[in-house]
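**Q** The structure file entry.pdb (PDB, C-alpha atoms, pLDDT in the B column) is provided below.
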```
ATOM      1  CA  SER X   3      24.047   4.744 -12.165  1.00 87.00           C
ATOM      2  CA  LYS X   4      22.387   1.705 -10.635  1.00 96.00           C
ATOM      3  CA  THR X   5      18.776   0.575 -10.862  1.00 97.00           C
ATOM      4  CA  ALA X   6      16.615  -1.065  -8.212  1.00 98.00           C
ATOM      5  CA  PHE X   7      13.253  -2.669  -8.960  1.00 98.00           C
ATOM      6  CA  ILE X   8      10.786  -2.810  -6.097  1.00 98.00           C
ATOM      7  CA  ILE X   9       7.916  -5.281  -6.319  1.00 97.00           C
ATOM      8  CA  GLY X  10       5.301  -5.021  -3.593  1.00 96.00           C
ATOM      9  CA  ASP X  11       1.712  -4.169  -2.705  1.00 95.00           C
ATOM     10  CA  SER X  12       0.016  -1.033  -1.385  1.00 94.00           C
ATOM     11  CA  ILE X  13       2.475  -0.902   1.537  1.00 96.00           C
ATOM     12  CA  SER X  14       5.357  -0.336  -0.906  1.00 97.00           C
ATOM     13  CA  GLU X  15       3.260   2.267  -2.717  1.00 96.00           C
ATOM     14  CA  GLY X  16       3.085   4.113   0.616  1.00 97.00           C
ATOM     15  CA  TYR X  17       6.869   4.434   1.010  1.00 97.00           C
ATOM     16  CA  ARG X  18       7.528   4.836  -2.699  1.00 97.00           C
ATOM     17  CA  ARG X  19       8.032   8.615  -2.982  1.00 97.00           C
ATOM     18  CA  GLN X  20      10.376   8.999  -0.002  1.00 98.00           C
ATOM     19  CA  THR X  21      12.387   5.909  -0.933  1.00 98.00           C
ATOM     20  CA  ALA X  22      12.718   6.955  -4.580  1.00 97.00           C
ATOM     21  CA  GLU X  23      13.889  10.452  -3.603  1.00 97.00           C
ATOM     22  CA  SER X  24      16.351   9.144  -1.063  1.00 97.00           C
ATOM     23  CA  LEU X  25      17.857   6.624  -3.514  1.00 98.00           C
ATOM     24  CA  GLU X  26      17.962   9.154  -6.350  1.00 97.00           C
ATOM     25  CA  GLY X  27      20.188  11.261  -4.110  1.00 96.00           C
ATOM     26  CA  LYS X  28      22.576   8.286  -3.958  1.00 96.00           C
ATOM     27  CA  GLY X  29      22.547   7.749  -7.739  1.00 96.00           C
ATOM     28  CA  ILE X  30      20.111   4.823  -7.699  1.00 97.00           C
ATOM     29  CA  ALA X  31      17.094   4.907 -10.019  1.00 97.00           C
ATOM     30  CA  THR X  32      14.018   2.950  -8.925  1.00 97.00           C
ATOM     31  CA  GLU X  33      11.207   1.263 -10.788  1.00 96.00           C
ATOM     32  CA  TRP X  34       8.087   0.094  -8.969  1.00 96.00           C
ATOM     33  CA  PHE X  35       5.709  -2.756  -9.690  1.00 96.00           C
ATOM     34  CA  SER X  36       2.441  -3.357  -7.905  1.00 94.00           C
ATOM     35  CA  GLY X  37       2.232  -7.070  -7.332  1.00 91.00           C
ATOM     36  CA  GLY X  38      -0.422  -7.870  -4.754  1.00 92.00           C
ATOM     37  CA  SER X  39      -0.557 -11.598  -4.014  1.00 96.00           C
ATOM     38  CA  SER X  40       2.100 -14.228  -4.762  1.00 98.00           C
ATOM     39  CA  ALA X  41       0.020 -15.405  -7.738  1.00 98.00           C
ATOM     40  CA  GLN X  42      -0.097 -11.849  -9.132  1.00 97.00           C
ATOM     41  CA  VAL X  43       3.668 -11.415  -8.667  1.00 98.00           C
ATOM     42  CA  LEU X  44       4.434 -14.698 -10.422  1.00 97.00           C
ATOM     43  CA  ALA X  45       2.097 -13.759 -13.291  1.00 97.00           C
ATOM     44  CA  GLY X  46       3.575 -10.249 -13.532  1.00 97.00           C
ATOM     45  CA  LEU X  47       7.288 -11.114 -13.650  1.00 97.00           C
ATOM     46  CA  PRO X  48       7.386 -12.168 -17.324  1.00 96.00           C
ATOM     47  CA  GLU X  49       5.793  -8.823 -18.238  1.00 94.00           C
ATOM     48  CA  TRP X  50       7.883  -6.580 -15.976  1.00 94.00           C
ATOM     49  CA  ILE X  51      11.404  -7.955 -16.097  1.00 92.00           C
ATOM     50  CA  PRO X  52      12.449  -9.222 -19.554  1.00 88.00           C
ATOM     51  CA  GLY X  53      14.809  -6.892 -21.360  1.00 88.00           C
ATOM     52  CA  ALA X  54      15.504  -4.938 -18.170  1.00 90.00           C
ATOM     53  CA  GLN X  55      18.824  -5.177 -16.349  1.00 93.00           C
ATOM     54  CA  PRO X  56      18.169  -4.022 -12.787  1.00 97.00           C
ATOM     55  CA  ASP X  57      21.096  -4.293 -10.366  1.00 97.00           C
ATOM     56  CA  LEU X  58      18.806  -5.256  -7.507  1.00 98.00           C
ATOM     57  CA  ILE X  59      15.243  -6.495  -7.089  1.00 98.00           C
ATOM     58  CA  GLN X  60      13.490  -6.134  -3.750  1.00 98.00           C
ATOM     59  CA  PHE X  61      10.298  -8.161  -3.675  1.00 98.00           C
ATOM     60  CA  ASN X  62       7.468  -8.916  -1.282  1.00 98.00           C
ATOM     61  CA  CYS X  63       4.016 -10.466  -1.193  1.00 97.00           C
ATOM     62  CA  GLY X  64       1.962 -11.848   1.667  1.00 97.00           C
ATOM     63  CA  LEU X  65      -0.639  -9.382   2.896  1.00 96.00           C
ATOM     64  CA  HIS X  66      -3.017 -10.288   0.060  1.00 96.00           C
ATOM     65  CA  ASP X  67      -2.265 -13.986   0.363  1.00 97.00           C
ATOM     66  CA  ALA X  68      -3.036 -14.019   4.101  1.00 97.00           C
ATOM     67  CA  ARG X  69      -6.508 -12.503   3.745  1.00 96.00           C
ATOM     68  CA  TYR X  70      -9.097 -14.817   5.279  1.00 95.00           C
ATOM     69  CA  PHE X  71     -12.593 -14.624   3.822  1.00 93.00           C
ATOM     70  CA  ASP X  72     -15.188 -15.611   6.416  1.00 89.00           C
ATOM     71  CA  ILE X  73     -17.959 -16.253   3.891  1.00 90.00           C
ATOM     72  CA  ALA X  74     -15.822 -18.571   1.764  1.00 92.00           C
ATOM     73  CA  GLY X  75     -14.022 -19.989   4.798  1.00 93.00           C
ATOM     74  CA  THR X  76     -10.693 -19.775   3.012  1.00 95.00           C
ATOM     75  CA  TYR X  77      -7.556 -17.707   2.536  1.00 97.00           C
ATOM     76  CA  GLN X  78      -6.855 -15.812  -0.682  1.00 96.00           C
ATOM     77  CA  GLN X  79      -3.839 -18.124  -0.990  1.00 97.00           C
ATOM     78  CA  PRO X  80      -3.707 -20.845   1.672  1.00 97.00           C
ATOM     79  CA  ILE X  81      -0.199 -21.092   3.129  1.00 98.00           C
ATOM     80  CA  GLY X  82       0.682 -24.218   1.101  1.00 98.00           C
ATOM     81  CA  ASN X  83      -0.181 -22.403  -2.141  1.00 98.00           C
ATOM     82  CA  TYR X  84       1.748 -19.352  -0.945  1.00 98.00           C
ATOM     83  CA  GLU X  85       4.818 -21.511  -0.428  1.00 98.00           C
ATOM     84  CA  LEU X  86       4.607 -23.068  -3.915  1.00 98.00           C
ATOM     85  CA  LEU X  87       3.950 -19.730  -5.613  1.00 98.00           C
ATOM     86  CA  LEU X  88       6.745 -17.970  -3.726  1.00 98.00           C
ATOM     87  CA  ARG X  89       9.175 -20.767  -4.621  1.00 98.00           C
ATOM     88  CA  GLY X  90       8.088 -20.188  -8.223  1.00 98.00           C
ATOM     89  CA  VAL X  91       8.785 -16.456  -7.916  1.00 98.00           C
ATOM     90  CA  VAL X  92      12.288 -17.130  -6.547  1.00 98.00           C
ATOM     91  CA  ARG X  93      13.044 -19.711  -9.240  1.00 98.00           C
ATOM     92  CA  TRP X  94      11.867 -17.342 -11.967  1.00 97.00           C
ATOM     93  CA  LEU X  95      13.940 -14.436 -10.628  1.00 97.00           C
ATOM     94  CA  GLN X  96      17.058 -16.570 -10.248  1.00 97.00           C
ATOM     95  CA  ALA X  97      16.689 -18.052 -13.731  1.00 96.00           C
ATOM     96  CA  ASN X  98      15.816 -14.856 -15.596  1.00 96.00           C
ATOM     97  CA  THR X  99      17.765 -12.017 -13.983  1.00 96.00           C
ATOM     98  CA  GLU X 100      21.319 -11.203 -12.990  1.00 95.00           C
ATOM     99  CA  ALA X 101      20.048  -8.881 -10.257  1.00 97.00           C
ATOM    100  CA  SER X 102      20.894  -9.338  -6.620  1.00 97.00           C
ATOM    101  CA  LEU X 103      17.669 -10.236  -4.826  1.00 98.00           C
ATOM    102  CA  VAL X 104      16.295  -9.004  -1.505  1.00 98.00           C
ATOM    103  CA  TRP X 105      13.116 -10.238   0.159  1.00 98.00           C
ATOM    104  CA  ALA X 106      11.159  -7.720   2.248  1.00 98.00           C
ATOM    105  CA  SER X 107       9.147  -9.355   5.018  1.00 98.00           C
ATOM    106  CA  THR X 108       5.441  -8.569   5.317  1.00 98.00           C
ATOM    107  CA  THR X 109       4.534  -5.799   7.764  1.00 98.00           C
ATOM    108  CA  PRO X 110       2.425  -6.447  10.895  1.00 97.00           C
ATOM    109  CA  VAL X 111      -1.343  -5.975  11.184  1.00 96.00           C
ATOM    110  CA  ILE X 112      -3.525  -4.972  14.129  1.00 95.00           C
ATOM    111  CA  GLU X 113      -6.444  -7.375  13.936  1.00 93.00           C
ATOM    112  CA  SER X 114      -8.771  -5.472  16.242  1.00 92.00           C
ATOM    113  CA  ARG X 115      -8.760  -2.486  13.853  1.00 91.00           C
ATOM    114  CA  ILE X 116      -9.753  -4.480  10.754  1.00 89.00           C
ATOM    115  CA  THR X 117     -13.443  -4.199   9.890  1.00 83.00           C
ATOM    116  CA  LEU X 118     -13.578  -5.555   6.340  1.00 78.00           C
ATOM    117  CA  GLU X 119     -15.346  -8.547   4.808  1.00 80.00           C
ATOM    118  CA  TYR X 120     -12.067 -10.418   5.223  1.00 87.00           C
ATOM    119  CA  ARG X 121      -9.645 -10.441   8.083  1.00 91.00           C
ATOM    120  CA  ARG X 122      -5.941 -10.698   8.559  1.00 94.00           C
ATOM    121  CA  SER X 123      -4.366 -11.908  11.773  1.00 95.00           C
ATOM    122  CA  ALA X 124      -1.004 -11.104  13.311  1.00 95.00           C
ATOM    123  CA  GLU X 125      -0.484 -14.848  13.724  1.00 96.00           C
ATOM    124  CA  ASP X 126      -1.069 -15.528  10.024  1.00 97.00           C
ATOM    125  CA  VAL X 127       1.317 -12.755   8.973  1.00 97.00           C
ATOM    126  CA  LEU X 128       4.012 -14.365  11.155  1.00 98.00           C
ATOM    127  CA  ALA X 129       3.269 -17.798   9.681  1.00 98.00           C
ATOM    128  CA  TYR X 130       3.462 -16.519   6.082  1.00 98.00           C
ATOM    129  CA  ASN X 131       6.667 -14.618   6.935  1.00 98.00           C
ATOM    130  CA  GLY X 132       8.040 -17.845   8.414  1.00 98.00           C
ATOM    131  CA  VAL X 133       7.415 -19.771   5.197  1.00 98.00           C
ATOM    132  CA  ALA X 134       9.031 -16.963   3.192  1.00 98.00           C
ATOM    133  CA  ALA X 135      12.066 -16.842   5.517  1.00 98.00           C
ATOM    134  CA  GLU X 136      12.639 -20.562   5.049  1.00 98.00           C
ATOM    135  CA  ILE X 137      12.461 -20.240   1.254  1.00 98.00           C
ATOM    136  CA  MET X 138      14.819 -17.238   1.197  1.00 98.00           C
ATOM    137  CA  SER X 139      17.282 -18.876   3.538  1.00 98.00           C
ATOM    138  CA  GLY X 140      17.364 -21.961   1.293  1.00 98.00           C
ATOM    139  CA  ALA X 141      17.848 -19.774  -1.788  1.00 98.00           C
ATOM    140  CA  GLY X 142      20.549 -17.591  -0.211  1.00 98.00           C
ATOM    141  CA  ILE X 143      18.432 -14.431  -0.495  1.00 98.00           C
ATOM    142  CA  PRO X 144      18.887 -11.808   2.251  1.00 98.00           C
ATOM    143  CA  ILE X 145      15.823 -10.547   4.107  1.00 98.00           C
ATOM    144  CA  LEU X 146      15.033  -6.932   4.844  1.00 98.00           C
ATOM    145  CA  ASP X 147      12.893  -7.390   7.945  1.00 98.00           C
ATOM    146  CA  LEU X 148      10.215  -4.737   7.544  1.00 98.00           C
ATOM    147  CA  HIS X 149       8.014  -6.628  10.021  1.00 98.00           C
ATOM    148  CA  ALA X 150      10.616  -5.925  12.727  1.00 98.00           C
ATOM    149  CA  VAL X 151      10.915  -2.273  11.635  1.00 97.00           C
ATOM    150  CA  ILE X 152       7.223  -1.690  12.424  1.00 98.00           C
ATOM    151  CA  ASP X 153       6.667  -4.256  15.197  1.00 97.00           C
ATOM    152  CA  GLY X 154       7.574  -2.904  18.627  1.00 92.00           C
ATOM    153  CA  ASP X 155       6.703  -0.113  21.023  1.00 92.00           C
ATOM    154  CA  ASN X 156       5.632   2.233  18.210  1.00 94.00           C
ATOM    155  CA  ALA X 157       3.553  -0.250  16.200  1.00 96.00           C
ATOM    156  CA  ALA X 158       0.253   1.296  17.318  1.00 94.00           C
ATOM    157  CA  ASP X 159       1.443   4.681  15.978  1.00 96.00           C
ATOM    158  CA  TYR X 160       2.949   3.262  12.784  1.00 98.00           C
ATOM    159  CA  ILE X 161      -0.101   1.226  11.709  1.00 97.00           C
ATOM    160  CA  SER X 162      -3.116   3.196  10.497  1.00 97.00           C
ATOM    161  CA  ALA X 163      -6.713   3.047  11.700  1.00 96.00           C
ATOM    162  CA  ASP X 164      -7.506   0.274   9.176  1.00 95.00           C
ATOM    163  CA  GLY X 165      -5.078  -2.073  10.952  1.00 96.00           C
ATOM    164  CA  VAL X 166      -3.091  -2.851   7.795  1.00 96.00           C
ATOM    165  CA  HIS X 167      -1.691   0.247   6.091  1.00 96.00           C
ATOM    166  CA  MET X 168       0.774   2.647   7.683  1.00 98.00           C
ATOM    167  CA  THR X 169       0.506   6.140   9.077  1.00 98.00           C
ATOM    168  CA  GLU X 170       2.821   8.813   7.719  1.00 97.00           C
ATOM    169  CA  ALA X 171       5.264   7.974  10.524  1.00 97.00           C
ATOM    170  CA  GLY X 172       5.087   4.285   9.639  1.00 98.00           C
ATOM    171  CA  TYR X 173       5.768   4.904   5.966  1.00 98.00           C
ATOM    172  CA  ALA X 174       8.664   7.201   6.878  1.00 98.00           C
ATOM    173  CA  VAL X 175      10.448   4.496   8.921  1.00 98.00           C
ATOM    174  CA  LEU X 176       9.809   1.952   6.152  1.00 98.00           C
ATOM    175  CA  ALA X 177      11.217   4.347   3.525  1.00 98.00           C
ATOM    176  CA  GLU X 178      14.302   4.821   5.663  1.00 98.00           C
ATOM    177  CA  ALA X 179      14.819   1.065   6.113  1.00 98.00           C
ATOM    178  CA  VAL X 180      14.236   0.266   2.435  1.00 98.00           C
ATOM    179  CA  SER X 181      16.475   3.015   1.055  1.00 98.00           C
ATOM    180  CA  ALA X 182      19.242   2.141   3.544  1.00 98.00           C
ATOM    181  CA  GLY X 183      18.931  -1.577   2.720  1.00 97.00           C
ATOM    182  CA  ILE X 184      19.165  -0.965  -1.009  1.00 98.00           C
ATOM    183  CA  ALA X 185      21.895   1.691  -0.793  1.00 97.00           C
ATOM    184  CA  GLU X 186      24.116  -0.511   1.344  1.00 96.00           C
ATOM    185  CA  ARG X 187      23.955  -3.203  -1.348  1.00 96.00           C
ATOM    186  CA  LEU X 188      24.434  -0.937  -4.366  1.00 95.00           C
ATOM    187  CA  VAL X 189      26.556   2.062  -3.380  1.00 81.00           C
TER     188      VAL X 189
END
```
Translate the structure described by the file into structure tokens.

**A**
Amino acid sequence: SKTAFIIGDSISEGYRRQTAESLEGKGIATEWFSGGSSAQVLAGLPEWIPGAQPDLIQFNCGLHDARYFDIAGTYQQPIGNYELLLRGVVRWLQANTEASLVWASTTPVIESRITLEYRRSAEDVLAYNGVAAEIMSGAGIPILDLHAVIDGDNAADYISADGVHMTEAGYAVLAEAVSAGIAERLV
């Protein structure tokens, strides 16, 4: 049987159960790692991966990075840092694993619903996704466009009241896209 590692944030936690069940039915075992920001992913890789031989690694980070803190007047990871850290993640994965790699784009946000001490904007998510797309394209890594899966006529129903996480319907369409994307590469 094949193994897929999925590295993501709370969004991936939300589609975890359905994706894992769906892939198990196709003979693919999954392991999940909660990364958070690009810095946390880069720091986590040497702990999570060595000694493991996954067939595929799907990875994502961006939602944490793109948080803008009004009080500090700065992003959690300004876009230039994000680019350097994400390049580091790609280099590490390519140097230390035999797995085929898949990047999952960051899902959309609805700014007007966000009421926290930091904000995220739709524009920033697109900008961070743009930087990631350029890196992946240069590295020959395919992109599973989860932003496109959610963005569209149903976005308001897929994104929860907090403007960032998904509703049950949103997680269901993500689970479907992720399990199909992984299955088509491994089955």

**Q** Using all atoms listed in the file, pick whichever of X:Val43, X:Ala22, X:Gln55, X:Arg122 has the shortest atom-to-atom distance to Trp94 in chain X.

**A**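 Nearest to Trp94 in chain X: X:Val43.
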
**Q** Using the chain letters and residue numbers of this document, give as a list in words the residues selected by the PyMOL selection byres ((chain X and resi 158) around 12).

**A** Pro110, Val111, Ile112, Glu113, Ser114, Arg115, Ile152, Asp153, Gly154, Asp155, Asn156, Ala157, Asp159, Tyr160, Ile161, Ser162, Ala163, Asp164, Gly165, Val166, His167, Met168, Thr169, Ala171 and Gly172 of chain X

**Q** Take the PyMOL selection byres ((chain X and resi 189) around 9), apply it to the structure above, and return the hits as a PyMOL selection string.

**A** chain X and resi 4+28-30+184-188

**Q** When the PyMOL selection byres ((chain X and resi 90-93) around 8) is applied to the file above, which residues end up in the set, as a PyMOL selection string?

**A** chain X and resi 40+43-44+47+86-89+94-97+141

**Q** I need the residue nearest Tyr130 in chain X from this list: X:Ala68, X:Ala150, X:Ala41, X:Leu176. Use all atoms listed in the file for the distance.

**A**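 So, comparing all the options, the nearest one is X:Ala68.
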
**Q** Quick one: pull the distance between CA of Phe7 in chain X and CA of Val151 in chain X, Å, one decimal.

**A**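 If I compute the distance from CA of Phe7 in chain X to CA of Val151 in chain X, I get 20.7 Å.
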
**Q** Find, counting all atoms listed in the file, the residue in X:Ala174, X:Ala124, X:Leu25, X:Ile13 that gets nearest to Ala106 in chain X.

**A**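 Using all atoms listed in the file, Ala106 in chain X sits closest to X:Ile13.
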
**Q** Nearest to Ile145 in chain X among X:Ala74, X:Ala129, X:Ile116, X:Leu103, with distances taken over all atoms listed in the file: which residue is it?

**A**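 Checking each of X:Ala74, X:Ala129, X:Ile116, X:Leu103 against Ile145 in chain X, counting all atoms listed in the file, the winner is X:Leu103.
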
**Q** Would you please work out which residue, of X:Gln78, X:Gly53, X:Asn98, X:Trp105, is nearest to Gly10 in chain X when using all atoms listed in the file?

**A**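 Of the candidates, the smallest distance to Gly10 in chain X is held by X:Trp105.
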